[in-house]
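Participant: Please find work_36.txt (compact mmCIF, C-alpha atoms) on the next line:
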# COMPACT_ATOMS: atom_id res chain seq x y z
CA MET A 1 130.38 96.75 76.11
CA THR A 2 132.32 99.95 76.40
CA ALA A 3 135.57 99.60 78.32
CA PHE A 4 136.18 102.20 80.97
CA HIS A 5 139.78 103.22 81.34
CA HIS A 6 139.33 106.19 83.61
CA ASP A 7 141.80 105.03 86.22
CA ASP A 8 144.46 104.14 83.69
CA PRO A 9 146.81 107.13 83.46
CA GLU A 10 148.18 105.79 80.18
CA ARG A 11 144.78 106.03 78.50
CA ALA A 12 143.37 109.07 80.27
CA ILE A 13 142.79 112.12 78.13
CA LYS A 14 142.99 115.12 80.42
CA VAL A 15 141.06 118.24 79.48
CA HIS A 16 141.73 121.25 81.68
CA VAL A 17 138.76 123.61 81.94
CA THR A 18 139.82 127.16 82.81
CA GLN A 19 137.68 130.10 83.88
CA GLY A 20 135.17 131.08 81.21
CA GLU A 21 135.39 127.73 79.43
CA SER A 22 133.11 124.74 79.18
CA HIS A 23 133.72 121.32 77.71
CA VAL A 24 131.48 118.35 76.87
CA SER A 25 132.42 114.74 76.10
CA THR A 26 131.13 111.19 75.95
CA ASP A 27 134.59 109.61 75.87
CA PRO A 28 135.15 107.28 78.86
CA ASN A 29 138.87 108.07 78.67
CA VAL A 30 138.33 111.80 79.13
CA VAL A 31 138.84 113.32 82.55
CA MET A 32 138.08 117.01 82.93
CA THR A 33 140.15 118.87 85.47
CA THR A 34 140.00 122.30 86.99
CA VAL A 35 141.25 124.26 89.97
CA LEU A 36 138.76 126.43 91.83
CA GLY A 37 139.01 129.20 94.36
CA SER A 38 135.87 131.30 94.60
CA CYS A 39 134.87 130.20 91.08
CA ILE A 40 132.24 127.53 90.49
CA ALA A 41 132.47 124.46 88.30
CA ALA A 42 129.21 122.76 87.38
CA CYS A 43 129.57 119.16 86.25
CA ILE A 44 126.34 118.27 84.44
CA ARG A 45 125.50 115.01 82.72
CA ASP A 46 122.79 112.78 81.38
CA PRO A 47 123.45 109.41 83.04
CA GLN A 48 121.49 107.52 80.40
CA SER A 49 123.30 108.81 77.32
CA GLY A 50 126.66 109.21 79.08
CA VAL A 51 127.07 112.79 77.86
CA GLY A 52 128.70 115.01 80.44
CA GLY A 53 130.43 118.33 80.69
CA MET A 54 132.01 120.87 82.97
CA ASN A 55 132.07 124.64 83.03
CA HIS A 56 134.07 127.03 85.19
CA PHE A 57 132.85 130.54 85.86
CA LEU A 58 133.01 133.48 88.20
CA LEU A 59 130.23 136.03 88.39
CA PRO A 60 131.76 139.40 87.60
CA ASP A 61 131.81 141.96 90.39
CA SER A 62 130.10 145.30 89.81
CA GLY A 63 133.06 146.93 91.58
CA ASP A 64 131.61 147.26 95.05
CA GLY A 65 131.40 143.59 95.87
CA ARG A 66 127.81 143.20 94.67
CA ARG A 67 126.64 140.87 91.91
CA ASP A 68 124.17 142.83 89.85
CA GLY A 69 121.86 141.79 87.02
CA ASP A 70 124.66 141.88 84.47
CA ALA A 71 126.67 139.44 86.59
CA VAL A 72 123.74 137.07 86.88
CA ARG A 73 123.16 137.26 83.12
CA TYR A 74 126.81 136.29 82.66
CA GLY A 75 126.40 133.31 84.99
CA ALA A 76 123.18 132.22 83.30
CA TYR A 77 124.95 132.40 79.96
CA ALA A 78 127.83 130.24 81.24
CA MET A 79 125.32 127.61 82.35
CA GLU A 80 123.34 127.89 79.13
CA VAL A 81 126.43 127.28 76.99
CA LEU A 82 127.16 124.03 78.85
CA ILE A 83 123.54 122.84 78.79
CA ASN A 84 123.13 123.63 75.09
CA ASP A 85 126.35 121.74 74.27
CA LEU A 86 125.10 118.74 76.26
CA LEU A 87 121.77 118.77 74.42
CA LYS A 88 123.55 119.02 71.06
CA ARG A 89 125.55 115.91 71.95
CA GLY A 90 122.46 113.87 72.71
CA ALA A 91 121.68 114.59 76.35
CA ARG A 92 118.01 115.02 77.32
CA ARG A 93 117.18 118.02 79.42
CA GLU A 94 114.82 116.14 81.73
CA ARG A 95 117.53 113.61 82.58
CA LEU A 96 120.27 116.09 83.44
CA GLU A 97 121.82 116.03 86.89
CA ALA A 98 124.50 118.25 88.36
CA LYS A 99 127.38 118.28 90.78
CA ILE A 100 128.77 121.64 91.79
CA PHE A 101 132.10 122.60 93.31
CA GLY A 102 133.95 125.72 94.39
CA GLY A 103 132.74 128.97 95.85
CA ALA A 104 135.37 129.08 98.58
CA LYS A 105 136.12 132.15 100.65
CA LEU A 106 139.86 132.23 100.28
CA PHE A 107 140.47 135.69 101.67
CA ASP A 108 139.11 137.87 104.39
CA GLY A 109 137.12 140.70 102.92
CA LEU A 110 133.85 142.53 103.00
CA SER A 111 132.09 140.32 100.49
CA ASP A 112 132.02 136.57 100.15
CA VAL A 113 132.41 136.23 96.39
CA GLY A 114 132.45 132.45 96.61
CA ALA A 115 129.18 132.27 98.52
CA SER A 116 127.36 134.42 95.97
CA ASN A 117 128.75 132.28 93.14
CA ALA A 118 127.59 129.09 94.85
CA ALA A 119 124.18 130.59 95.66
CA PHE A 120 123.75 131.59 92.02
CA ALA A 121 124.58 128.08 90.76
CA GLU A 122 122.25 126.42 93.26
CA ARG A 123 119.39 128.75 92.42
CA PHE A 124 119.91 128.45 88.68
CA LEU A 125 119.85 124.64 88.80
CA ARG A 126 116.83 124.60 91.11
CA ASP A 127 114.90 127.01 88.87
CA GLU A 128 115.78 124.98 85.78
CA GLY A 129 114.72 121.73 87.45
CA ILE A 130 118.17 120.13 87.26
CA PRO A 131 118.80 118.15 90.47
CA ILE A 132 122.08 118.67 92.33
CA VAL A 133 123.11 115.12 93.18
CA SER A 134 126.19 116.20 95.11
CA SER A 135 128.12 119.34 95.85
CA SER A 136 131.08 120.69 97.71
CA THR A 137 130.98 124.47 98.01
CA GLY A 138 132.17 127.11 100.43
CA GLY A 139 134.92 126.58 102.94
CA VAL A 140 138.30 128.26 102.92
CA SER A 141 140.32 125.99 100.64
CA ALA A 142 140.90 125.89 96.93
CA ARG A 143 139.78 122.73 95.17
CA ARG A 144 141.32 120.58 92.49
CA VAL A 145 138.47 118.75 90.77
CA GLU A 146 138.56 115.86 88.31
CA PHE A 147 135.36 114.83 86.51
CA TRP A 148 134.85 111.76 84.35
CA PRO A 149 131.90 112.84 82.16
CA ALA A 150 130.99 109.40 80.88
CA SER A 151 130.64 107.83 84.33
CA GLY A 152 129.86 110.96 86.34
CA ARG A 153 132.57 110.18 88.87
CA VAL A 154 134.26 113.16 90.53
CA ARG A 155 137.41 113.33 92.61
CA GLN A 156 138.08 116.43 94.64
CA ARG A 157 141.28 117.40 96.39
CA LEU A 158 141.37 120.33 98.78
CA VAL A 159 144.43 122.49 98.25
CA ALA A 160 145.92 124.88 100.79
CA VAL A 161 145.98 128.36 99.30
CA ASP A 162 149.77 128.48 99.49
CA ASN A 163 149.89 125.42 97.23
CA ALA A 164 147.19 126.52 94.84
CA PRO A 165 148.02 127.73 91.35
CA GLN A 166 148.43 131.46 90.94
CA ASP A 167 145.08 131.90 89.20
CA VAL A 168 143.15 131.11 92.37
CA ARG A 169 145.38 133.25 94.58
CA ARG A 170 145.33 136.89 95.40
CA PRO A 171 148.65 138.77 95.10
CA THR A 172 149.05 139.15 98.86
CA PRO A 173 147.14 136.35 100.54
CA PRO A 174 146.34 136.92 104.19
CA PRO A 175 147.05 134.21 106.75
CA MET A 176 144.81 131.23 106.18
CA PRO A 177 143.83 128.38 108.45
CA ALA A 178 146.15 125.50 107.77
CA VAL A 179 144.51 122.99 105.42
CA ALA A 180 146.60 120.07 104.40
CA SER A 181 146.82 119.31 100.73
CA GLY A 182 145.92 115.77 99.87
CA ASP A 183 142.47 115.35 101.41
CA VAL A 184 140.47 113.38 98.89
CA ASP A 185 136.72 113.13 98.67
CA LEU A 186 134.84 111.08 96.16
CA PHE A 187 131.48 112.24 94.82
CA MET B 1 109.70 158.61 69.68
CA PRO B 2 107.93 155.35 70.55
CA GLN B 3 107.10 154.59 74.14
CA ALA B 4 108.49 151.31 75.41
CA SER B 5 105.33 150.82 77.43
CA SER B 6 103.25 150.78 74.23
CA ILE B 7 105.29 147.99 72.60
CA SER B 8 104.20 144.42 73.33
CA VAL B 9 107.02 141.87 73.59
CA LEU B 10 107.18 138.09 73.45
CA VAL B 11 110.31 136.63 75.09
CA VAL B 12 111.23 133.16 73.83
CA ASP B 13 113.84 131.08 75.66
CA ASP B 14 113.88 127.51 76.95
CA GLN B 15 115.60 128.53 80.19
CA LEU B 16 113.34 129.95 82.85
CA THR B 17 116.29 131.85 84.34
CA MET B 18 117.11 133.54 81.05
CA ARG B 19 113.46 134.46 80.44
CA ALA B 20 113.32 136.04 83.89
CA LEU B 21 116.55 137.96 83.22
CA ILE B 22 115.31 139.23 79.85
CA ARG B 23 111.95 140.22 81.36
CA ASN B 24 113.76 142.07 84.14
CA ALA B 25 115.96 143.90 81.61
CA LEU B 26 112.92 144.85 79.51
CA GLN B 27 111.12 146.18 82.58
CA GLN B 28 114.15 148.31 83.40
CA ILE B 29 114.00 149.74 79.87
CA GLY B 30 110.32 150.58 80.35
CA PHE B 31 108.43 147.73 78.68
CA LYS B 32 105.26 146.66 80.44
CA ASP B 33 103.46 144.28 78.06
CA ILE B 34 105.77 141.26 78.24
CA ARG B 35 104.80 137.65 77.53
CA GLU B 36 106.95 134.52 77.55
CA ALA B 37 107.21 131.23 75.67
CA PRO B 38 109.59 128.32 76.36
CA ASP B 39 110.24 127.33 72.73
CA GLY B 40 109.53 128.32 69.13
CA GLU B 41 106.47 126.12 68.80
CA GLU B 42 104.73 127.71 71.79
CA ALA B 43 105.86 131.14 70.65
CA LEU B 44 104.28 130.72 67.22
CA LYS B 45 100.99 129.56 68.73
CA ASN B 46 101.11 132.50 71.12
CA LEU B 47 101.78 135.02 68.32
CA LEU B 48 99.05 133.64 66.07
CA ALA B 49 96.58 133.85 68.93
CA LYS B 50 97.71 137.34 69.95
CA PRO B 51 100.30 139.20 67.85
CA ALA B 52 103.13 141.12 69.51
CA ASN B 53 105.14 144.10 68.27
CA LEU B 54 108.49 142.56 69.15
CA VAL B 55 109.88 139.04 69.57
CA ILE B 56 113.12 138.54 71.48
CA SER B 57 114.17 134.96 70.90
CA ASP B 58 116.97 132.62 71.87
CA PHE B 59 118.40 130.41 69.12
CA ASN B 60 118.99 127.03 70.81
CA MET B 61 115.62 125.67 71.90
CA PRO B 62 113.83 122.32 71.76
CA LYS B 63 110.99 121.60 69.30
CA MET B 64 111.46 124.73 67.19
CA ASP B 65 114.66 126.78 67.42
CA GLY B 66 114.93 130.54 67.02
CA LEU B 67 115.77 130.41 63.33
CA ALA B 68 112.79 128.17 62.55
CA LEU B 69 110.57 130.51 64.57
CA LEU B 70 111.86 133.48 62.59
CA ARG B 71 111.09 131.71 59.29
CA ALA B 72 107.63 130.75 60.52
CA VAL B 73 106.86 134.31 61.63
CA ARG B 74 107.95 135.69 58.26
CA SER B 75 105.79 133.15 56.43
CA HIS B 76 102.55 133.90 58.30
CA PRO B 77 101.02 137.09 56.78
CA PRO B 78 99.18 138.24 59.96
CA ILE B 79 102.43 138.36 61.95
CA ARG B 80 105.12 138.69 59.28
CA GLN B 81 105.80 142.35 60.17
CA THR B 82 106.67 141.50 63.79
CA ALA B 83 110.05 142.95 64.78
CA PHE B 84 112.41 140.09 65.60
CA VAL B 85 115.58 140.32 67.69
CA MET B 86 117.65 137.15 68.02
CA LEU B 87 119.77 136.41 71.08
CA THR B 88 122.94 134.57 70.10
CA GLY B 89 126.15 133.28 71.60
CA ARG B 90 129.54 134.79 70.87
CA ALA B 91 130.48 132.12 68.35
CA ASP B 92 127.30 132.24 66.29
CA ARG B 93 128.50 134.37 63.38
CA GLU B 94 127.12 131.96 60.80
CA LEU B 95 123.79 131.87 62.59
CA VAL B 96 123.55 135.66 62.43
CA GLN B 97 124.19 135.58 58.68
CA ARG B 98 121.40 133.04 58.21
CA ALA B 99 119.07 135.02 60.46
CA VAL B 100 119.71 138.13 58.36
CA GLN B 101 118.79 136.15 55.24
CA PHE B 102 115.52 135.15 56.89
CA GLY B 103 114.66 138.71 57.84
CA VAL B 104 115.83 139.20 61.42
CA ASN B 105 115.71 142.86 62.46
CA ASN B 106 118.65 142.74 64.84
CA TYR B 107 120.65 140.44 67.08
CA CYS B 108 122.06 140.74 70.57
CA VAL B 109 125.04 138.74 71.79
CA LYS B 110 124.78 137.01 75.16
CA PRO B 111 125.66 137.75 77.88
CA PHE B 112 124.02 141.10 77.19
CA THR B 113 123.73 144.20 79.35
CA VAL B 114 120.48 146.13 79.82
CA GLN B 115 121.97 149.08 77.92
CA GLY B 116 123.17 146.78 75.14
CA LEU B 117 119.72 145.23 74.73
CA LYS B 118 118.10 148.67 74.78
CA GLU B 119 120.39 149.90 72.00
CA LYS B 120 119.58 146.86 69.86
CA ILE B 121 115.84 147.45 70.28
CA GLU B 122 116.23 151.16 69.59
CA GLN B 123 118.01 150.34 66.32
CA VAL B 124 114.73 148.71 65.28
CA PHE B 125 112.11 151.06 66.80
CA GLY B 126 114.04 154.31 67.19
CA GLN B 127 114.85 155.95 70.49
CA LEU B 128 112.54 154.74 73.24
CA THR B 129 110.94 156.91 75.86
What's the structure tokens form of this structure?
Facilitator:
Amino acid sequence: MTAFHHDDPERAIKVHVTQGESHVSTDPNVVMTTVLGSCIAACIRDPQSGVGGMNHFLLPDSGDGRRDGDAVRYGAYAMEVLINDLLKRGARRERLEAKIFGGAKLFDGLSDVGASNAAFAERFLRDEGIPIVSSSTGGVSARRVEFWPASGRVRQRLVAVDNAPQDVRRPTPPPMPAVASGDVDLF
Amino acid sequence: MPQASSISVLVVDDQLTMRALIRNALQQIGFKDIREAPDGEEALKNLLAKPANLVISDFNMPKMDGLALLRAVRSHPPIRQTAFVMLTGRADRELVQRAVQFGVNNYCVKPFTVQGLKEKIEQVFGQLT
């Protein structure tokens, strides 16, 4: 029987997935991590084969806050890369299930970039027949997400914008509702 | 100059979303006769039943991938002249080389723009009206 060491920090192999990347693994010691603002991370896996992976993407803005066809093609490509990698590693398309995270509205503005990213991911997965077994999207906080691909377990920590890494912050962040760092949800 | 509306196209991709996006891009370019298939096997059956002028095919697909479809098209005399544009990922340089060996007419790197796809098709058919 395969030993699972995912809670043992000594054995954990951390793989950080940054924007534009995707990563797939079957190793029970691997934990994929990412930090999300308005970006989306899709954690998709085949529970039977234990193949899982995470991507991290942001639909590009056409310049006026809208997401046009080119943006959607970019998002579809980001999802396709992850799904193709899963299939190459032995996952079966009909068994895939997804958890999605991110899509926050970190800053006041005319457009809600995070909401359109989340809506894209939800629609894509629905159209492709991949069930979303859990999700945490929207809100006003950044998220630190850890995903164990072999087991499918996810740990999410909400992060106040002031404590978030620079890549999820805007240069001059407006006042934000106070959100304490350290809230943990398990998915 | 050929008219896009007079060119029949078969779009082959296992993702419904991507097929819809390609169809939408083709419609913006002016194509009207657009069919779809979810994998190479279905595409080949479709082409043998009713030939098309142009195939736009993904590479990674179940049952029969894009490269196998290309080889099959080139080996069936009734459809061997079909123009074939392969959609590839950024890292598929080796795939492109193999596709060229098997007679692909052009390739388009995902994520593509409408203008980018149009230019790739025009390199095969000439400027479209």
Participant: What's around stretch 104-108 of chain B at 10 Å? Count only C-alpha atoms, leave out sequence neighbours fewer than 3 positions away in its own chain, and write the answer as number ranges by chain.
Facilitator: B: 54-58, 67, 70-71, 74, 82-90, 96-101, 111-113, 116-125
Participant: Would you please work out which residue, of A:Arg89, A:Arg73, A:Arg157, A:Lys99, is nearest to A:Asp27 when using all atoms listed in the file?
Facilitator: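 Selected residue with least distance to A:Asp27: A:Arg89.
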Participant: Just need the residues of chain B within 10 Å of chain A, counting only C-alpha atoms, so spit them out as an MDAnalysis selection string.
Facilitator: chainID B and resid 14:18 20:22 24:25 60:62 89 110:114
Participant: Just give me the gap between atom CA of A:Ile44 and atom CA of A:Asn29 in Å, one decimal is fine.
Facilitator: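 Atom CA of A:Asn29 lies at a distance of 17.2 Å from atom CA of A:Ile44.
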Participant: List as a list of chain:residue names the protein and nucleic acid residues near A:Met54, meaning an atom at most 9 Å away when all atoms listed in the file are counted, but skip any in the same chain fewer than 4 places from it.
Facilitator: A:Val17, A:Glu21, A:Ser22, A:His23, A:Val24, A:Met32, A:Thr33, A:Ala41, A:Ala42, A:Cys43, A:Ile44, A:Arg45, A:Leu82, A:Phe147, A:Pro149
Participant: What is the distance, in Å and to one decimal place, between atom CA of B:Arg93 and atom CA of B:Glu36?
Facilitator: 25.8 Å
Participant: For atom CA of A:Leu36 and atom CA of A:Ala142, quote the distance in Å rounded to one decimal.
Facilitator: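 That distance, rounded to one decimal, is 5.6 Å.
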Participant: Counting only C-alpha atoms, find residues at most 9 Å from (123.7, 113.9, 73.3) (file frame) and give them as a list in words.
Facilitator: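 Looking at atoms near the point gives Thr26, Asp46, Ser49, Gly50, Val51, Gly52, Asp85, Leu86, Leu87, Lys88, Arg89, Gly90, Ala91 and Arg92 of chain A.
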Participant: For B:Lys45, which residue out of B:Val73, B:Ile29, B:Gln127, B:Val9 is the nearest one, using all atoms listed in the file?
Facilitator: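 Ranking B:Val73, B:Ile29, B:Gln127, B:Val9 by distance to B:Lys45, first place goes to B:Val73.
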Participant: For B:Ser6, find every residue with an atom within 8 Å (counting all atoms listed in the file), except residues of its own chain fewer than 5 positions away, and show them as a VMD selection string.
Facilitator: chain B and resid 31 to 33
